[in-house]
$ cat query-v3.txt   # compact mmCIF, C-alpha atoms and all ligand atoms
# COMPACT_ATOMS: atom_id res chain seq x y z
CA MET P 23 20.31 53.72 24.40
CA ASP P 24 18.80 53.67 27.87
CA PRO P 25 21.07 51.32 29.84
CA VAL P 26 18.21 49.73 31.79
CA ALA P 27 16.30 48.99 28.56
CA ALA P 28 19.52 47.65 27.02
CA LEU P 29 20.03 45.31 29.97
CA GLY P 30 16.43 44.12 29.74
CA GLU P 31 16.69 43.50 26.01
CA TYR P 32 19.98 41.65 26.43
CA GLN P 33 18.52 39.36 29.11
CA ARG P 34 15.36 38.58 27.12
CA GLU P 35 17.19 37.77 23.93
CA ALA P 36 19.90 35.75 25.68
CA LEU P 37 17.40 33.61 27.56
CA ALA P 38 15.34 33.04 24.40
CA ALA P 39 18.45 31.98 22.46
CA ILE P 40 19.51 29.63 25.28
CA GLU P 41 16.06 28.08 25.34
CA ALA P 42 16.10 27.65 21.53
CA ALA P 43 19.55 25.99 21.40
CA ASP P 44 19.13 22.27 20.67
CA SER P 45 22.67 20.90 20.37
CA PRO P 46 26.05 21.28 22.07
CA GLU P 47 27.21 23.27 19.00
CA SER P 48 24.32 25.73 19.02
CA ILE P 49 24.56 26.37 22.79
CA GLU P 50 28.27 27.08 22.28
CA ALA P 51 27.39 29.62 19.56
CA VAL P 52 24.92 31.27 21.98
CA ARG P 53 27.61 31.41 24.64
CA ILE P 54 30.02 33.16 22.29
CA GLU P 55 27.36 35.58 21.12
CA PHE P 56 26.04 36.59 24.55
CA LEU P 57 28.88 35.94 27.00
CA GLY P 58 32.02 35.98 24.82
CA LYS P 59 34.78 37.98 26.52
CA LYS P 60 36.52 39.45 23.45
CA LYS P 61 33.55 40.66 21.44
CA GLY P 62 29.80 40.03 21.35
CA ARG P 63 26.73 41.35 23.11
CA LEU P 64 28.29 41.58 26.57
CA ARG P 65 31.00 43.91 25.30
CA GLU P 66 28.42 46.13 23.61
CA LEU P 67 26.46 46.25 26.83
CA GLN P 68 29.53 47.23 28.81
CA ALA P 69 30.14 50.08 26.36
CA VAL P 70 26.59 51.37 26.92
CA LEU P 71 26.98 51.08 30.68
CA GLY P 72 30.26 52.95 30.50
CA GLN P 73 28.30 56.03 29.57
CA VAL P 74 26.17 56.24 32.73
CA SER P 75 26.85 58.99 35.28
CA PRO P 76 29.06 58.16 38.25
CA GLU P 77 26.03 58.39 40.59
CA GLU P 78 24.03 55.81 38.64
CA ARG P 79 27.00 53.50 38.19
CA PRO P 80 26.70 51.39 41.41
CA VAL P 81 23.00 50.69 40.78
CA ILE P 82 23.40 49.89 37.09
CA GLY P 83 26.56 47.89 37.85
CA LYS P 84 24.63 45.73 40.31
CA GLN P 85 21.88 45.16 37.75
CA PHE P 86 24.48 44.30 35.12
CA ASN P 87 25.99 41.66 37.39
CA SER P 88 22.67 40.08 38.21
CA VAL P 89 21.62 39.95 34.53
CA ARG P 90 24.97 38.42 33.55
CA ASN P 91 24.72 35.84 36.34
CA ALA P 92 21.18 34.91 35.32
CA VAL P 93 22.26 34.40 31.70
CA GLN P 94 25.37 32.49 32.80
CA THR P 95 23.33 30.15 35.02
CA ALA P 96 20.69 29.49 32.36
CA LEU P 97 23.41 28.78 29.80
CA GLU P 98 25.27 26.33 32.03
CA SER P 99 22.15 24.37 32.83
CA ARG P 100 21.22 24.16 29.14
CA GLN P 101 24.79 23.11 28.31
CA LYS P 102 24.50 20.26 30.81
CA GLN P 103 21.18 19.08 29.37
CA LEU P 104 22.48 19.07 25.82
CA SER P 105 25.77 17.31 26.59
CA ARG P 106 23.95 14.30 28.12
CA PRO P 107 23.52 11.42 25.64
CA LYS P 108 19.95 11.09 24.42
CA GLN P 109 19.63 7.52 25.73
CA ALA P 110 20.09 8.75 29.28
CA ALA P 111 16.55 9.99 29.13
CA ASP P 112 15.43 6.35 28.82
CA ALA P 113 17.80 5.24 31.60
CA LEU P 114 19.74 3.02 29.17
CA ASP P 115 23.50 3.16 29.54
CA VAL P 116 24.87 2.02 26.20
CA THR P 117 28.42 2.05 27.50
CA LEU P 118 27.74 -0.88 29.85
CA PRO P 119 29.12 -4.23 28.59
CA GLY P 120 26.31 -6.39 27.19
CA SER P 121 25.32 -9.76 28.58
CA PRO P 122 25.73 -12.23 25.72
CA PRO P 123 22.89 -14.78 25.42
CA GLN P 124 23.94 -18.24 26.61
CA LEU P 125 23.61 -20.70 23.77
CA GLY P 126 23.08 -24.33 24.68
CA THR P 127 24.72 -27.21 22.87
CA ARG P 128 23.52 -30.73 22.42
CA HIS P 129 24.94 -33.21 24.93
CA PRO P 130 28.01 -35.04 23.55
CA VAL P 131 26.23 -38.39 23.96
CA THR P 132 23.20 -37.06 22.05
CA GLN P 133 25.53 -35.88 19.31
CA THR P 134 27.14 -39.34 19.18
CA LEU P 135 23.72 -41.03 19.02
CA GLU P 136 22.69 -38.82 16.12
CA GLU P 137 25.92 -39.47 14.24
CA PHE P 138 25.59 -43.24 14.77
CA ARG P 139 22.03 -43.21 13.43
CA ASP P 140 23.20 -41.26 10.46
CA ILE P 141 26.11 -43.61 9.65
CA MET P 142 24.06 -46.79 10.07
CA GLY P 143 21.23 -45.27 8.06
CA ARG P 144 23.65 -44.76 5.21
CA PHE P 145 24.65 -48.43 5.49
CA GLY P 146 21.00 -49.34 4.94
CA PHE P 147 20.01 -50.13 8.54
CA LEU P 148 16.57 -49.00 9.66
CA VAL P 149 16.59 -47.15 13.00
CA VAL P 150 14.00 -48.49 15.49
CA ASP P 151 13.15 -47.81 19.13
CA GLY P 152 12.26 -50.10 22.00
CA PRO P 153 10.93 -49.57 25.55
CA GLU P 154 13.31 -49.01 28.46
CA LEU P 155 10.94 -50.78 30.81
CA GLU P 156 11.05 -54.45 29.86
CA ASP P 157 9.65 -57.83 30.83
CA ASP P 158 11.42 -61.08 31.51
CA GLN P 159 10.46 -62.47 28.10
CA HIS P 160 12.29 -59.82 26.05
CA ASN P 161 15.21 -59.10 28.37
CA PHE P 162 15.97 -62.78 29.08
CA ALA P 163 13.75 -65.68 28.01
CA SER P 164 13.60 -65.10 24.25
CA LEU P 165 17.30 -64.22 24.31
CA ASN P 166 18.03 -67.79 25.38
CA ILE P 167 18.89 -66.78 28.96
CA PRO P 168 17.52 -69.62 31.12
CA GLU P 169 15.80 -69.28 34.52
CA GLU P 170 18.89 -69.95 36.63
CA HIS P 171 21.29 -67.84 34.58
CA PRO P 172 23.36 -65.39 36.68
CA ALA P 173 22.44 -62.55 34.27
CA ARG P 174 18.97 -62.60 35.86
CA ASP P 175 20.37 -62.07 39.36
CA PRO P 176 18.60 -59.25 41.23
CA LEU P 177 22.04 -57.88 42.05
CA GLU P 178 22.77 -57.51 38.32
CA ASN P 179 19.51 -55.79 37.37
CA PHE P 180 17.14 -53.03 38.35
CA TYR P 181 13.94 -54.98 38.96
CA LEU P 182 10.89 -52.93 39.78
CA ALA P 183 8.62 -53.57 42.72
CA THR P 184 5.81 -54.54 40.38
CA ALA P 185 3.19 -54.77 43.11
CA ALA P 186 3.52 -51.00 43.35
CA ILE P 187 2.51 -50.62 39.69
CA ALA P 188 -1.24 -50.19 39.48
CA GLY P 189 -3.09 -53.32 38.49
CA ARG P 190 -0.20 -55.76 38.80
CA GLY P 191 -0.12 -58.63 41.24
CA LEU P 192 2.95 -60.03 42.98
CA ASP P 193 2.67 -63.30 41.04
CA GLU P 194 2.98 -61.61 37.64
CA PRO P 195 6.26 -61.78 35.67
CA PRO P 196 8.92 -59.33 36.80
CA VAL P 197 9.50 -55.98 35.16
CA LEU P 198 12.90 -54.37 34.96
CA LEU P 199 14.83 -51.52 33.43
CA ARG P 200 16.39 -53.19 30.41
CA SER P 201 20.01 -54.19 30.94
CA GLN P 202 20.83 -54.32 27.22
CA THR P 203 19.38 -53.19 23.90
CA SER P 204 19.29 -56.81 22.68
CA THR P 205 15.66 -56.72 23.84
CA VAL P 206 14.85 -54.79 20.67
CA GLN P 207 16.11 -57.65 18.45
CA ILE P 208 13.32 -59.79 19.90
CA ARG P 209 10.67 -57.09 19.58
CA VAL P 210 11.54 -56.49 15.92
CA MET P 211 11.69 -60.15 14.89
CA GLU P 212 8.41 -60.89 16.67
CA HIS P 213 6.66 -58.48 14.34
CA THR P 214 8.74 -58.55 11.15
CA PRO P 215 9.35 -61.47 8.82
CA PRO P 216 12.94 -61.80 7.52
CA PRO P 217 14.99 -60.18 6.00
CA VAL P 218 15.73 -57.69 8.76
CA ARG P 219 18.36 -54.97 8.96
CA ILE P 220 17.92 -52.66 11.96
CA VAL P 221 19.79 -50.70 14.60
CA SER P 222 18.37 -49.50 17.88
CA LEU P 223 20.03 -46.95 20.12
CA GLY P 224 19.05 -46.13 23.66
CA ARG P 225 19.57 -46.22 27.39
CA VAL P 226 20.28 -49.34 29.38
CA TYR P 227 20.60 -49.77 33.15
CA ARG P 228 22.84 -51.92 35.35
CA PRO P 229 23.72 -51.70 39.03
CA ASP P 230 27.44 -51.76 38.15
CA THR P 231 29.96 -50.15 40.44
CA ILE P 232 30.49 -46.69 39.00
CA ASP P 233 34.05 -45.87 37.94
CA ALA P 234 35.87 -44.10 35.10
CA THR P 235 34.51 -46.50 32.46
CA HIS P 236 31.26 -47.78 34.02
CA HIS P 237 28.00 -46.11 34.89
CA CYS P 238 24.67 -47.43 36.15
CA MET P 239 22.93 -45.85 33.13
CA PHE P 240 24.60 -45.83 29.75
CA HIS P 241 23.74 -46.19 26.05
CA GLN P 242 24.08 -49.03 23.60
CA MET P 243 23.61 -49.43 19.90
CA GLU P 244 22.14 -52.76 18.93
CA GLY P 245 22.47 -54.01 15.37
CA LEU P 246 20.69 -56.94 13.78
CA MET P 247 20.88 -58.30 10.26
CA VAL P 248 18.96 -61.44 9.28
CA GLY P 249 18.60 -62.98 5.84
CA PRO P 250 19.04 -66.21 3.87
CA ASP P 251 22.85 -66.25 4.11
CA VAL P 252 24.19 -63.58 6.45
CA THR P 253 27.79 -64.33 7.53
CA MET P 254 30.31 -63.49 10.24
CA ALA P 255 32.50 -61.86 7.56
CA GLN P 256 29.67 -59.40 6.87
CA LEU P 257 29.47 -58.66 10.60
CA LYS P 258 33.14 -57.77 10.71
CA THR P 259 32.90 -55.65 7.56
CA VAL P 260 29.96 -53.65 8.91
CA LEU P 261 31.67 -53.02 12.25
CA GLN P 262 34.94 -52.09 10.57
CA LEU P 263 33.19 -49.67 8.22
CA PHE P 264 31.23 -48.23 11.10
CA ALA P 265 34.30 -47.63 13.29
CA ARG P 266 36.09 -45.95 10.39
CA ALA P 267 33.12 -43.77 9.55
CA TYR P 268 32.97 -42.49 13.14
CA LEU P 269 36.63 -42.27 14.14
CA GLY P 270 38.65 -42.23 10.93
CA GLU P 271 40.59 -44.43 8.55
CA ASP P 272 43.29 -45.52 11.04
CA VAL P 273 40.93 -47.54 13.24
CA ALA P 274 41.42 -51.29 13.52
CA ILE P 275 38.95 -53.72 15.07
CA ARG P 276 39.48 -57.26 16.30
CA PHE P 277 37.27 -60.09 17.52
CA ARG P 278 38.04 -62.11 20.67
CA PRO P 279 36.14 -65.33 21.35
CA SER P 280 33.48 -64.85 23.99
CA PHE P 281 30.09 -66.10 25.16
CA PHE P 282 26.60 -64.64 25.01
CA PRO P 283 23.55 -66.91 25.41
CA PHE P 284 21.90 -65.31 22.36
CA THR P 285 24.76 -65.67 19.86
CA GLU P 286 26.84 -68.63 18.67
CA PRO P 287 29.68 -68.10 17.98
CA SER P 288 30.10 -65.01 20.15
CA VAL P 289 32.85 -62.41 20.19
CA GLU P 290 34.00 -59.36 22.11
CA VAL P 291 34.71 -56.47 19.76
CA ASP P 292 37.84 -54.40 20.42
CA MET P 293 38.82 -51.28 18.60
CA LYS P 294 42.26 -49.71 18.23
CA TRP P 295 42.49 -45.99 17.63
CA GLY P 296 45.90 -44.58 18.48
CA ASP P 297 47.86 -47.01 20.67
CA ILE P 298 45.14 -48.42 22.88
CA TRP P 299 42.86 -51.41 22.32
CA LEU P 300 39.45 -50.66 23.78
CA GLU P 301 36.59 -53.08 24.40
CA ILE P 302 33.55 -51.56 22.78
CA GLY P 303 30.95 -54.28 22.60
CA GLY P 304 29.80 -57.79 21.99
CA ALA P 305 28.62 -59.51 18.82
CA GLY P 306 28.03 -62.84 17.17
CA MET P 307 25.80 -64.97 14.98
CA VAL P 308 22.20 -65.14 16.23
CA ASP P 309 21.64 -68.37 18.17
CA PRO P 310 19.09 -70.79 16.59
CA ASN P 311 17.16 -70.80 19.90
CA VAL P 312 16.55 -67.06 19.53
CA PHE P 313 15.21 -67.58 16.00
CA ARG P 314 12.90 -70.28 17.30
CA ALA P 315 11.67 -68.06 20.14
CA VAL P 316 10.49 -65.44 17.65
CA GLY P 317 9.08 -67.91 15.13
CA TYR P 318 11.88 -67.81 12.56
CA ASN P 319 13.17 -71.05 11.01
CA PRO P 320 16.92 -71.34 11.77
CA ASP P 321 17.32 -73.64 8.77
CA GLU P 322 16.16 -70.88 6.44
CA VAL P 323 17.82 -67.79 7.86
CA SER P 324 21.05 -66.76 9.51
CA GLY P 325 21.92 -63.47 11.10
CA PHE P 326 24.42 -61.42 13.05
CA ALA P 327 23.86 -59.12 16.00
CA PHE P 328 26.04 -56.66 17.85
CA GLY P 329 25.72 -54.40 20.88
CA LEU P 330 28.17 -51.50 21.27
CA GLY P 331 28.74 -49.14 24.20
CA ILE P 332 28.07 -45.64 22.91
CA GLU P 333 29.84 -43.74 25.71
CA ARG P 334 33.08 -45.57 24.97
CA PHE P 335 33.12 -44.23 21.38
CA CYS P 336 32.17 -40.73 22.47
CA MET P 337 34.91 -40.70 25.14
CA ARG P 338 37.52 -41.95 22.69
CA ARG P 339 36.60 -39.39 20.05
CA HIS P 340 36.63 -36.43 22.46
CA ASN P 341 39.43 -37.66 24.75
CA ILE P 342 37.13 -37.76 27.78
CA PRO P 343 38.92 -39.83 30.43
CA ASP P 344 36.01 -40.40 32.81
CA ILE P 345 32.44 -41.51 31.92
CA ARG P 346 31.11 -39.73 35.04
CA TRP P 347 31.88 -36.35 33.51
CA LEU P 348 29.17 -37.04 30.92
CA TYR P 349 26.49 -37.24 33.62
CA GLU P 350 27.52 -34.59 36.14
CA ASN P 351 25.78 -31.84 34.18
CA ASP P 352 28.64 -29.43 34.74
CA ILE P 353 27.94 -26.67 32.27
CA ARG P 354 31.67 -25.82 31.98
CA PHE P 355 32.30 -29.33 30.69
CA LEU P 356 29.22 -29.60 28.47
CA GLN P 357 29.81 -26.19 26.83
CA GLN P 358 32.89 -27.58 25.12
CA PHE P 359 30.97 -29.75 22.70
C1 LIG B 401 25.91 -56.81 25.91
O1 LIG B 401 25.27 -55.97 26.51
C2 LIG B 401 25.35 -57.60 24.79
N1 LIG B 401 23.92 -57.36 24.74
C3 LIG B 401 26.01 -57.22 23.50
C4 LIG B 401 25.66 -58.12 22.35
C5 LIG B 401 24.64 -57.76 21.49
C6 LIG B 401 26.32 -59.31 22.14
C7 LIG B 401 24.28 -58.57 20.43
C8 LIG B 401 25.99 -60.16 21.09
C9 LIG B 401 24.97 -59.78 20.24
P1 LIG B 401 28.11 -56.34 27.24
O2 LIG B 401 27.54 -56.55 28.58
O3 LIG B 401 29.52 -56.76 27.04
O4 LIG B 401 27.26 -56.97 26.09
O5 LIG B 401 28.03 -54.77 26.96
C10 LIG B 401 28.34 -54.24 25.70
C11 LIG B 401 29.15 -52.96 25.81
O6 LIG B 401 28.44 -52.00 26.61
C12 LIG B 401 30.47 -53.10 26.53
O7 LIG B 401 31.47 -53.55 25.65
C13 LIG B 401 30.76 -51.70 26.97
O8 LIG B 401 31.27 -50.94 25.88
C14 LIG B 401 29.38 -51.20 27.29
N2 LIG B 401 29.14 -51.27 28.73
C15 LIG B 401 28.85 -52.35 29.47
N3 LIG B 401 28.64 -52.03 30.76
C16 LIG B 401 28.82 -50.70 30.84
C17 LIG B 401 28.73 -49.73 31.90
N4 LIG B 401 28.42 -50.07 33.15
N5 LIG B 401 28.98 -48.44 31.61
C18 LIG B 401 29.26 -48.06 30.35
N6 LIG B 401 29.34 -48.89 29.31
C19 LIG B 401 29.13 -50.20 29.55
$ encode --input "query-v3.txt" --output "structure tokens" --more "lines below"
Ligand code: FA5
Amino acid sequence: MDPVAALGEYQREALAAIEAADSPESIEAVRIEFLGKKKGRLRELQAVLGQVSPEERPVIGKQFNSVRNAVQTALESRQKQLSRPKQAADALDVTLPGSPPQLGTRHPVTQTLEEFRDIMGRFGFLVVDGPELEDDQHNFASLNIPEEHPARDPLENFYLATAAIAGRGLDEPPVLLRSQTSTVQIRVMEHTPPPVRIVSLGRVYRPDTIDATHHCMFHQMEGLMVGPDVTMAQLKTVLQLFARAYLGEDVAIRFRPSFFPFTEPSVEVDMKWGDIWLEIGGAGMVDPNVFRAVGYNPDEVSGFAFGLGIERFCMRRHNIPDIRWLYENDIRFLQQF
């Protein structure tokens, strides 16, 4: 065979085969066929070239080298293309670590509120809401808190500059952020004839000095049960059952005598879970003056009421030592719940 024609044929076929290869395996097969050192097309070509006359040899040898280099270069570039992962074409590096989506959780206080509603609902208490912005009548007057009572002190409450509220004059009754959820007792009884069995959970506001157990905004759960013969024993049973349902069987509660203008008798409610007694709220039998203020006849009905601090339960359950942690919005803390 004419060596020049043989070289030309070799180059054409090699380049076509390289172009046609579509996987690392097939390009390797092409390499062995056309450039393999031991046998294959290159060896055959060398045998043909071996037959040329000594005068032609330098020219043909040069051509041979340039053909082999061209095939070698084309093969290497195709090898590179085929060894690259397919995704690289879309500029997506699948070996990079992923960024996991951040899942939010409900705030621990929200979770506590929902659990409380659930427990009290099972005990047959209807869950109701009341406004956070209140008037004197519902936060104080109807709750048997007289004009001069220290609970009305501006230093104990967040009164609003009512003149700044559109349409209100300076002489109109004050408006404040409610300081307790007992306001809802009044709102419910004003509109509902007895019997009543409700709870109301929500925010309350007090300008207390902030420390590990006090905040200026916190949550309370108010309970109210009114009927022909509601007793203090029922109050204690409900609170005991409630504490056990939330914290577990080994919770004890106790009553300490106390005073609230809207209950008589009044008690502080303590709860023991583990070794510590913790004050969690106030309670008592609804004062006859409160019944009168809402149009109930105290000779026909009796009732109990309680108001519990929700944060205190939540902190006890989750071993949170400082109430401020609940309201710092530190994601590292909140993620744990
Ligand atoms: C009251 O607010 C009464 N309204 C409770 C009540 C309702 C009595 C119905 C009788 C009948 P007191 O001010 O003690 O009571 O607050 C109740 C609970 O709220 C406290 O025991 C405590 O657990 C919680 N609490 C009070 N102040 C704060 C505060 N600054 N930060 C967090 N929790 C508080």
$ residues_near_ligand --input "query-v3.txt" --ligand "ligand LIG 401 (chain B)" --cutoff "9 Å" --atoms "only C-alpha atoms and all ligand atoms" --output "ChimeraX atom specification"
/P:201-205,207,226-246,281-286,288-292,300-308,326-335,345
$ write_last_selection --input "query-v3.txt" --atoms "C-alpha atoms" --output "short mmCIF file (atom, residue, chain, number, x, y, z; two decimals), in the frame of the given file"
data_model
loop_
_atom_site.label_atom_id
_atom_site.label_comp_id
_atom_site.auth_asym_id
_atom_site.auth_seq_id
_atom_site.Cartn_x
_atom_site.Cartn_y
_atom_site.Cartn_z
CA SER P 201 20.01 -54.19 30.94
CA GLN P 202 20.83 -54.32 27.22
CA THR P 203 19.38 -53.19 23.90
CA SER P 204 19.29 -56.81 22.68
CA THR P 205 15.66 -56.72 23.84
CA GLN P 207 16.11 -57.65 18.45
CA VAL P 226 20.28 -49.34 29.38
CA TYR P 227 20.60 -49.77 33.15
CA ARG P 228 22.84 -51.92 35.35
CA PRO P 229 23.72 -51.70 39.03
CA ASP P 230 27.44 -51.76 38.15
CA THR P 231 29.96 -50.15 40.44
CA ILE P 232 30.49 -46.69 39.00
CA ASP P 233 34.05 -45.87 37.94
CA ALA P 234 35.87 -44.10 35.10
CA THR P 235 34.51 -46.50 32.46
CA HIS P 236 31.26 -47.78 34.02
CA HIS P 237 28.00 -46.11 34.89
CA CYS P 238 24.67 -47.43 36.15
CA MET P 239 22.93 -45.85 33.13
CA PHE P 240 24.60 -45.83 29.75
CA HIS P 241 23.74 -46.19 26.05
CA GLN P 242 24.08 -49.03 23.60
CA MET P 243 23.61 -49.43 19.90
CA GLU P 244 22.14 -52.76 18.93
CA GLY P 245 22.47 -54.01 15.37
CA LEU P 246 20.69 -56.94 13.78
CA PHE P 281 30.09 -66.10 25.16
CA PHE P 282 26.60 -64.64 25.01
CA PRO P 283 23.55 -66.91 25.41
CA PHE P 284 21.90 -65.31 22.36
CA THR P 285 24.76 -65.67 19.86
CA GLU P 286 26.84 -68.63 18.67
CA SER P 288 30.10 -65.01 20.15
CA VAL P 289 32.85 -62.41 20.19
CA GLU P 290 34.00 -59.36 22.11
CA VAL P 291 34.71 -56.47 19.76
CA ASP P 292 37.84 -54.40 20.42
CA LEU P 300 39.45 -50.66 23.78
CA GLU P 301 36.59 -53.08 24.40
CA ILE P 302 33.55 -51.56 22.78
CA GLY P 303 30.95 -54.28 22.60
CA GLY P 304 29.80 -57.79 21.99
CA ALA P 305 28.62 -59.51 18.82
CA GLY P 306 28.03 -62.84 17.17
CA MET P 307 25.80 -64.97 14.98
CA VAL P 308 22.20 -65.14 16.23
CA PHE P 326 24.42 -61.42 13.05
CA ALA P 327 23.86 -59.12 16.00
CA PHE P 328 26.04 -56.66 17.85
CA GLY P 329 25.72 -54.40 20.88
CA LEU P 330 28.17 -51.50 21.27
CA GLY P 331 28.74 -49.14 24.20
CA ILE P 332 28.07 -45.64 22.91
CA GLU P 333 29.84 -43.74 25.71
CA ARG P 334 33.08 -45.57 24.97
CA PHE P 335 33.12 -44.23 21.38
CA ILE P 345 32.44 -41.51 31.92
#
$ residues_around --input "query-v3.txt" --residues "Leu148 in chain P" --least-positions-apart "4" --cutoff "7 Å" --atoms "only C-alpha atoms" --output "VMD selection string"
chain P and resid 143 219 to 221
$ atom_distance --input "query-v3.txt" --atom1 "CA of Asp151 in chain P" --atom2 "CA of Tyr181 in chain P"
21.1 Å
$ closest_residue --input "query-v3.txt" --among "P:Asp44, P:Val316, P:Trp295, P:Gln159" --to "Arg100 in chain P" --atoms "only C-alpha atoms"
P:Asp44
$ residues_near_point --input "query-v3.txt" --point "(14.5, -50.8, 38.3)" --cutoff "7 Å" --atoms "all atoms listed in the file" --output "list of chain:residue names"
P:Phe180, P:Tyr181, P:Leu182, P:Leu198, P:Leu199
$ atom_distance --input "query-v3.txt" --atom1 "CA of Arg200 in chain P" --atom2 "CA of Arg174 in chain P"
11.2 Å
$ closest_residue --input "query-v3.txt" --among "P:Ile82, P:Val218, P:Leu223, P:Asn179" --to "Gly152 in chain P" --atoms "only C-alpha atoms"
P:Leu223
$ closest_residue --input "query-v3.txt" --among "P:Glu41, P:Glu77, P:Glu50, P:Glu137" --to "Ala96 in chain P" --atoms "only C-alpha atoms"
P:Glu41
$ atom_distance --input "query-v3.txt" --atom1 "CA of Asp344 in chain P" --atom2 "CA of Asp175 in chain P"
27.5 Å
$ closest_residue --input "query-v3.txt" --among "P:Leu64, P:Val70, P:Ala163, P:Leu125" --to "Val93 in chain P" --atoms "all atoms listed in the file"
P:Leu64
$ closest_residue --input "query-v3.txt" --among "P:Gln73, P:Thr134, P:Asn166, P:Thr253" --to "Phe313 in chain P" --atoms "all atoms listed in the file"
P:Asn166
$ residues_around --input "query-v3.txt" --residues "Gly270 in chain P" --least-positions-apart "6" --cutoff "10 Å" --atoms "only C-alpha atoms" --output "mmCIF file with C-alpha atoms, in the frame of the given file"
data_model
loop_
_atom_site.group_PDB
_atom_site.id
_atom_site.type_symbol
_atom_site.label_atom_id
_atom_site.label_comp_id
_atom_site.auth_asym_id
_atom_site.auth_seq_id
_atom_site.Cartn_x
_atom_site.Cartn_y
_atom_site.Cartn_z
ATOM 1 C CA LEU P 263 33.190 -49.670 8.220
ATOM 2 C CA PHE P 264 31.230 -48.230 11.100
ATOM 3 C CA TRP P 295 42.490 -45.990 17.630
ATOM 4 C CA ARG P 339 36.600 -39.390 20.050
#
$ residues_near_point --input "query-v3.txt" --point "(24.5, 39.1, 32.8)" --cutoff "12 Å" --atoms "all atoms listed in the file" --output "PDB file with C-alpha atoms, keeping the file's coordinate frame"
ATOM      1  CA  ALA P  28      19.520  47.650  27.020  1.00  0.00           C
ATOM      2  CA  LEU P  29      20.030  45.310  29.970  1.00  0.00           C
ATOM      3  CA  GLY P  30      16.430  44.120  29.740  1.00  0.00           C
ATOM      4  CA  GLU P  31      16.690  43.500  26.010  1.00  0.00           C
ATOM      5  CA  TYR P  32      19.980  41.650  26.430  1.00  0.00           C
ATOM      6  CA  GLN P  33      18.520  39.360  29.110  1.00  0.00           C
ATOM      7  CA  ARG P  34      15.360  38.580  27.120  1.00  0.00           C
ATOM      8  CA  GLU P  35      17.190  37.770  23.930  1.00  0.00           C
ATOM      9  CA  ALA P  36      19.900  35.750  25.680  1.00  0.00           C
ATOM     10  CA  LEU P  37      17.400  33.610  27.560  1.00  0.00           C
ATOM     11  CA  ARG P  53      27.610  31.410  24.640  1.00  0.00           C
ATOM     12  CA  PHE P  56      26.040  36.590  24.550  1.00  0.00           C
ATOM     13  CA  LEU P  57      28.880  35.940  27.000  1.00  0.00           C
ATOM     14  CA  GLY P  58      32.020  35.980  24.820  1.00  0.00           C
ATOM     15  CA  ARG P  63      26.730  41.350  23.110  1.00  0.00           C
ATOM     16  CA  LEU P  64      28.290  41.580  26.570  1.00  0.00           C
ATOM     17  CA  ARG P  65      31.000  43.910  25.300  1.00  0.00           C
ATOM     18  CA  LEU P  67      26.460  46.250  26.830  1.00  0.00           C
ATOM     19  CA  GLN P  68      29.530  47.230  28.810  1.00  0.00           C
ATOM     20  CA  ILE P  82      23.400  49.890  37.090  1.00  0.00           C
ATOM     21  CA  GLY P  83      26.560  47.890  37.850  1.00  0.00           C
ATOM     22  CA  LYS P  84      24.630  45.730  40.310  1.00  0.00           C
ATOM     23  CA  GLN P  85      21.880  45.160  37.750  1.00  0.00           C
ATOM     24  CA  PHE P  86      24.480  44.300  35.120  1.00  0.00           C
ATOM     25  CA  ASN P  87      25.990  41.660  37.390  1.00  0.00           C
ATOM     26  CA  SER P  88      22.670  40.080  38.210  1.00  0.00           C
ATOM     27  CA  VAL P  89      21.620  39.950  34.530  1.00  0.00           C
ATOM     28  CA  ARG P  90      24.970  38.420  33.550  1.00  0.00           C
ATOM     29  CA  ASN P  91      24.720  35.840  36.340  1.00  0.00           C
ATOM     30  CA  ALA P  92      21.180  34.910  35.320  1.00  0.00           C
ATOM     31  CA  VAL P  93      22.260  34.400  31.700  1.00  0.00           C
ATOM     32  CA  GLN P  94      25.370  32.490  32.800  1.00  0.00           C
ATOM     33  CA  THR P  95      23.330  30.150  35.020  1.00  0.00           C
ATOM     34  CA  ALA P  96      20.690  29.490  32.360  1.00  0.00           C
ATOM     35  CA  LEU P  97      23.410  28.780  29.800  1.00  0.00           C
TER      36      LEU P  97
END
$ closest_residue --input "query-v3.txt" --among "P:Glu212, P:Asp272, P:Glu98, P:Glu170" --to "Arg314 in chain P" --atoms "only C-alpha atoms"
P:Glu212
$ axis_aligned_box --input "query-v3.txt" --around "range 339-343 of chain P" --padding-each-side "4 Å" --output "JSON"
{"center_x": 38.0, "center_y": -38.1, "center_z": 25.2, "size_x": 10.8, "size_y": 11.4, "size_z": 18.4}
